[in-house]
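Everything on this sheet refers to the single structure shown next.
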Amino acid sequence: MAEGRTFKRCSCRDDDGKALGQQCPKLRRPGGGWSYRHGIWNYQIELPPAPDGKRRGPLRRGGFATQDAAEAELGRVRDLLALADPREPATRTQIADLIKRTLAETDTLPNVETVRRKVKTGQHLTQEITVEQWLAEFLN
């Protein structure tokens with residue numbers, strides 16, 4: 001499983017208007033450490049393949065004020081991905097789909113305990129179930 005990484009970026013541009021990103025000279029101090037005053041923290045982690053088996057683009061999130069905040073959210077993504085048994089790639093794919101969908105809809109990660117409970121009980125992670133459907137399945 002990919003570990004992911006944290007990094008700093010900024011929105012500075014060169015003379016041609018091209019974004020400097022991580023190449024900005026203001027991001028690093030003279031000793032090589034990160035500048036405290038310039039740039040924002042981001043993380044990136046590779047997600048499992050899409051349901052069709054094709055490589056999915058990495059999950060990138062930014063806007064964190066500190067490296068600790070970026071590391072904390074990256075850790076939650078790792079925790080979510082670790083819930084799936086490595087022998088069950090379909091579950092890993094569902095968790096990745098859930099992460100992407102939940103971030104797009106709410107800008108927050110899914111709750112780890114809720115996802116853990118759904119994985120343990122064999123519930124589909126990306127499909128919503130109505131009370132009627134649940135009762136029909138329960139009564140069978």
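Residues are named by chain letter and number: chains run A, B, ... in the order of the structure tokens, numbers start at 1 in each chain, and ligands are numbered from 1 in the order shown.
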Nearby residues (only C-alpha atoms) at most 10 Å from Leu109 (chain A), same-chain spacing under 3 positions excluded, as a list in words:
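Here the answer would be Glu73, Arg76, Val77, Leu80, Leu98, Ile99, Lys100, Arg101, Thr102, Leu103, Ala104, Glu105, Thr106 and Val112 of chain A.
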Residues from the last selection, N, CA, C and O atoms, saved as a PDB file, in the first residue's frame:
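Saved as out.pdb:
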```pdb
ATOM      1  N   GLU A  73      -4.484  14.218   8.415  1.00  0.00           N
ATOM      2  CA  GLU A  73      -5.491  13.795   7.443  1.00  0.00           C
ATOM      3  C   GLU A  73      -4.957  12.661   6.570  1.00  0.00           C
ATOM      4  O   GLU A  73      -5.686  11.717   6.258  1.00  0.00           O
ATOM      5  N   ARG A  76      -5.488   9.536   8.390  1.00  0.00           N
ATOM      6  CA  ARG A  76      -6.872   9.058   8.339  1.00  0.00           C
ATOM      7  C   ARG A  76      -7.156   8.350   7.012  1.00  0.00           C
ATOM      8  O   ARG A  76      -7.874   7.354   6.977  1.00  0.00           O
ATOM      9  N   VAL A  77      -6.578   8.854   5.918  1.00  0.00           N
ATOM     10  CA  VAL A  77      -6.743   8.177   4.630  1.00  0.00           C
ATOM     11  C   VAL A  77      -6.096   6.794   4.687  1.00  0.00           C
ATOM     12  O   VAL A  77      -6.683   5.800   4.254  1.00  0.00           O
ATOM     13  N   LEU A  80      -8.297   4.456   6.640  1.00  0.00           N
ATOM     14  CA  LEU A  80      -9.450   4.005   5.858  1.00  0.00           C
ATOM     15  C   LEU A  80      -9.047   2.912   4.876  1.00  0.00           C
ATOM     16  O   LEU A  80      -9.715   1.879   4.775  1.00  0.00           O
ATOM     17  N   LEU A  98     -15.437   5.598  -1.998  1.00  0.00           N
ATOM     18  CA  LEU A  98     -16.112   6.306  -0.903  1.00  0.00           C
ATOM     19  C   LEU A  98     -15.328   7.543  -0.492  1.00  0.00           C
ATOM     20  O   LEU A  98     -15.914   8.611  -0.268  1.00  0.00           O
ATOM     21  N   ILE A  99     -14.021   7.428  -0.385  1.00  0.00           N
ATOM     22  CA  ILE A  99     -13.184   8.574  -0.028  1.00  0.00           C
ATOM     23  C   ILE A  99     -13.359   9.686  -1.050  1.00  0.00           C
ATOM     24  O   ILE A  99     -13.618  10.838  -0.699  1.00  0.00           O
ATOM     25  N   LYS A 100     -13.226   9.348  -2.337  1.00  0.00           N
ATOM     26  CA  LYS A 100     -13.349  10.362  -3.395  1.00  0.00           C
ATOM     27  C   LYS A 100     -14.738  11.013  -3.386  1.00  0.00           C
ATOM     28  O   LYS A 100     -14.857  12.222  -3.477  1.00  0.00           O
ATOM     29  N   ARG A 101     -15.792  10.184  -3.274  1.00  0.00           N
ATOM     30  CA  ARG A 101     -17.156  10.726  -3.309  1.00  0.00           C
ATOM     31  C   ARG A 101     -17.444  11.607  -2.100  1.00  0.00           C
ATOM     32  O   ARG A 101     -18.004  12.700  -2.226  1.00  0.00           O
ATOM     33  N   THR A 102     -17.048  11.146  -0.925  1.00  0.00           N
ATOM     34  CA  THR A 102     -17.322  11.910   0.294  1.00  0.00           C
ATOM     35  C   THR A 102     -16.562  13.233   0.286  1.00  0.00           C
ATOM     36  O   THR A 102     -17.113  14.263   0.680  1.00  0.00           O
ATOM     37  N   LEU A 103     -15.318  13.220  -0.159  1.00  0.00           N
ATOM     38  CA  LEU A 103     -14.557  14.475  -0.249  1.00  0.00           C
ATOM     39  C   LEU A 103     -15.202  15.431  -1.242  1.00  0.00           C
ATOM     40  O   LEU A 103     -15.269  16.639  -0.990  1.00  0.00           O
ATOM     41  N   ALA A 104     -15.688  14.913  -2.356  1.00  0.00           N
ATOM     42  CA  ALA A 104     -16.331  15.775  -3.358  1.00  0.00           C
ATOM     43  C   ALA A 104     -17.628  16.376  -2.831  1.00  0.00           C
ATOM     44  O   ALA A 104     -17.945  17.538  -3.108  1.00  0.00           O
ATOM     45  N   GLU A 105     -18.379  15.603  -2.042  1.00  0.00           N
ATOM     46  CA  GLU A 105     -19.678  16.065  -1.560  1.00  0.00           C
ATOM     47  C   GLU A 105     -19.591  16.911  -0.300  1.00  0.00           C
ATOM     48  O   GLU A 105     -20.359  17.850  -0.130  1.00  0.00           O
ATOM     49  N   THR A 106     -18.677  16.559   0.619  1.00  0.00           N
ATOM     50  CA  THR A 106     -18.677  17.212   1.932  1.00  0.00           C
ATOM     51  C   THR A 106     -17.359  17.890   2.292  1.00  0.00           C
ATOM     52  O   THR A 106     -17.280  18.564   3.307  1.00  0.00           O
ATOM     53  N   VAL A 112     -13.935   6.844  10.063  1.00  0.00           N
ATOM     54  CA  VAL A 112     -13.243   5.547  10.040  1.00  0.00           C
ATOM     55  C   VAL A 112     -14.078   4.472  10.725  1.00  0.00           C
ATOM     56  O   VAL A 112     -14.201   3.348  10.221  1.00  0.00           O
TER      57      VAL A 112
END
```
What's the 12 Å shell around region 30-42 of chain A, counting only C-alpha atoms, without same-chain residues fewer than 3 positions away, as a PyMOL selection string?
chain A and resi 4-12+20-27+45+59-74
Which neighbours of Thr91 (chain A) fall inside 12 Å, counting only C-alpha atoms, when residues of the same chain fewer than 6 positions from it are skipped, and could you give them as a ChimeraX atom specification?
/A:48-51,80-85,97-98,115-116,118-120,122-126
Please report, as a VMD selection string, each residue of chain A to which DSSP assigns helix (DSSP H, G or I) when run on this structure's backbone.
chain A and resid 21 to 23 25 to 27 67 to 82 89 to 106 112 to 120 131 to 139
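CA of Gln44 (chain A) lies 14.6 Å from CA of Asp79 (chain A).
Of note, CA of Ala96 (chain A) and CA of Leu47 (chain A) are spaced 6.2 Å apart.
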I need the residue nearest Pro89 (chain A) from this list: A:Asn140, A:Glu3, A:Asp52, A:Trp134. Use only C-alpha atoms for the distance.
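Looking only at the distances to Pro89 (chain A), the closest residue turns out to be A:Asp52.
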Per DSSP on the backbone, filter chain A down to the residues in strand (DSSP E) and report them as a PDB file with N, CA and C atoms, in the first residue's frame.
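The new file selection02.pdb reads:
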```pdb
ATOM      1  N   ARG A   5       2.708  11.118   1.007  1.00  0.00           N
ATOM      2  CA  ARG A   5       3.719  12.076   1.459  1.00  0.00           C
ATOM      3  C   ARG A   5       3.087  13.439   1.660  1.00  0.00           C
ATOM      4  N   THR A   6       3.759  14.256   2.462  1.00  0.00           N
ATOM      5  CA  THR A   6       3.342  15.643   2.627  1.00  0.00           C
ATOM      6  C   THR A   6       4.386  16.522   1.961  1.00  0.00           C
ATOM      7  N   PHE A   7       3.952  17.677   1.518  1.00  0.00           N
ATOM      8  CA  PHE A   7       4.861  18.612   0.864  1.00  0.00           C
ATOM      9  C   PHE A   7       4.255  20.006   0.923  1.00  0.00           C
ATOM     10  N   LYS A   8       5.071  20.992   0.605  1.00  0.00           N
ATOM     11  CA  LYS A   8       4.632  22.378   0.609  1.00  0.00           C
ATOM     12  C   LYS A   8       4.606  22.918  -0.807  1.00  0.00           C
ATOM     13  N   ARG A   9       3.638  23.775  -1.080  1.00  0.00           N
ATOM     14  CA  ARG A   9       3.514  24.457  -2.376  1.00  0.00           C
ATOM     15  C   ARG A   9       3.137  25.903  -2.117  1.00  0.00           C
ATOM     16  N   ILE A  40       1.761  26.585   1.571  1.00  0.00           N
ATOM     17  CA  ILE A  40       0.755  25.818   2.308  1.00  0.00           C
ATOM     18  C   ILE A  40       1.096  24.335   2.207  1.00  0.00           C
ATOM     19  N   TRP A  41       0.662  23.574   3.195  1.00  0.00           N
ATOM     20  CA  TRP A  41       0.951  22.145   3.253  1.00  0.00           C
ATOM     21  C   TRP A  41      -0.085  21.351   2.473  1.00  0.00           C
ATOM     22  N   ASN A  42       0.367  20.286   1.844  1.00  0.00           N
ATOM     23  CA  ASN A  42      -0.451  19.395   1.031  1.00  0.00           C
ATOM     24  C   ASN A  42      -0.058  17.957   1.336  1.00  0.00           C
ATOM     25  N   TYR A  43      -0.884  17.026   0.896  1.00  0.00           N
ATOM     26  CA  TYR A  43      -0.488  15.623   0.910  1.00  0.00           C
ATOM     27  C   TYR A  43      -0.947  14.966  -0.370  1.00  0.00           C
ATOM     28  N   GLN A  44      -0.327  13.831  -0.658  1.00  0.00           N
ATOM     29  CA  GLN A  44      -0.671  13.041  -1.831  1.00  0.00           C
ATOM     30  C   GLN A  44      -0.495  11.575  -1.480  1.00  0.00           C
ATOM     31  N   ILE A  45      -1.445  10.746  -1.940  1.00  0.00           N
ATOM     32  CA  ILE A  45      -1.358   9.305  -1.721  1.00  0.00           C
ATOM     33  C   ILE A  45      -1.987   8.596  -2.914  1.00  0.00           C
ATOM     34  N   LEU A  59      -4.741  10.824  -4.813  1.00  0.00           N
ATOM     35  CA  LEU A  59      -5.542  11.758  -4.025  1.00  0.00           C
ATOM     36  C   LEU A  59      -4.602  12.852  -3.548  1.00  0.00           C
ATOM     37  N   ARG A  60      -4.903  14.079  -3.927  1.00  0.00           N
ATOM     38  CA  ARG A  60      -4.109  15.234  -3.499  1.00  0.00           C
ATOM     39  C   ARG A  60      -5.030  16.207  -2.786  1.00  0.00           C
ATOM     40  N   ARG A  61      -4.602  16.639  -1.611  1.00  0.00           N
ATOM     41  CA  ARG A  61      -5.372  17.626  -0.846  1.00  0.00           C
ATOM     42  C   ARG A  61      -4.407  18.654  -0.296  1.00  0.00           C
ATOM     43  N   GLY A  62      -4.847  19.890  -0.230  1.00  0.00           N
ATOM     44  CA  GLY A  62      -3.983  20.950   0.251  1.00  0.00           C
ATOM     45  C   GLY A  62      -4.745  21.953   1.088  1.00  0.00           C
ATOM     46  N   GLY A  63      -4.030  23.001   1.451  1.00  0.00           N
ATOM     47  CA  GLY A  63      -4.630  24.064   2.233  1.00  0.00           C
ATOM     48  C   GLY A  63      -4.406  23.928   3.725  1.00  0.00           C
ATOM     49  N   PHE A  64      -3.494  23.077   4.137  1.00  0.00           N
ATOM     50  CA  PHE A  64      -3.231  22.862   5.557  1.00  0.00           C
ATOM     51  C   PHE A  64      -2.215  23.885   6.057  1.00  0.00           C
TER      52      PHE A  64
END
```
Which of A:Pro110, A:Gly53, A:Pro58, A:Gly17 sits closest to Ile95 (chain A) [using only C-alpha atoms]:
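Of A:Pro110, A:Gly53, A:Pro58, A:Gly17, the one nearest Ile95 (chain A), counting only C-alpha atoms, is A:Pro110.
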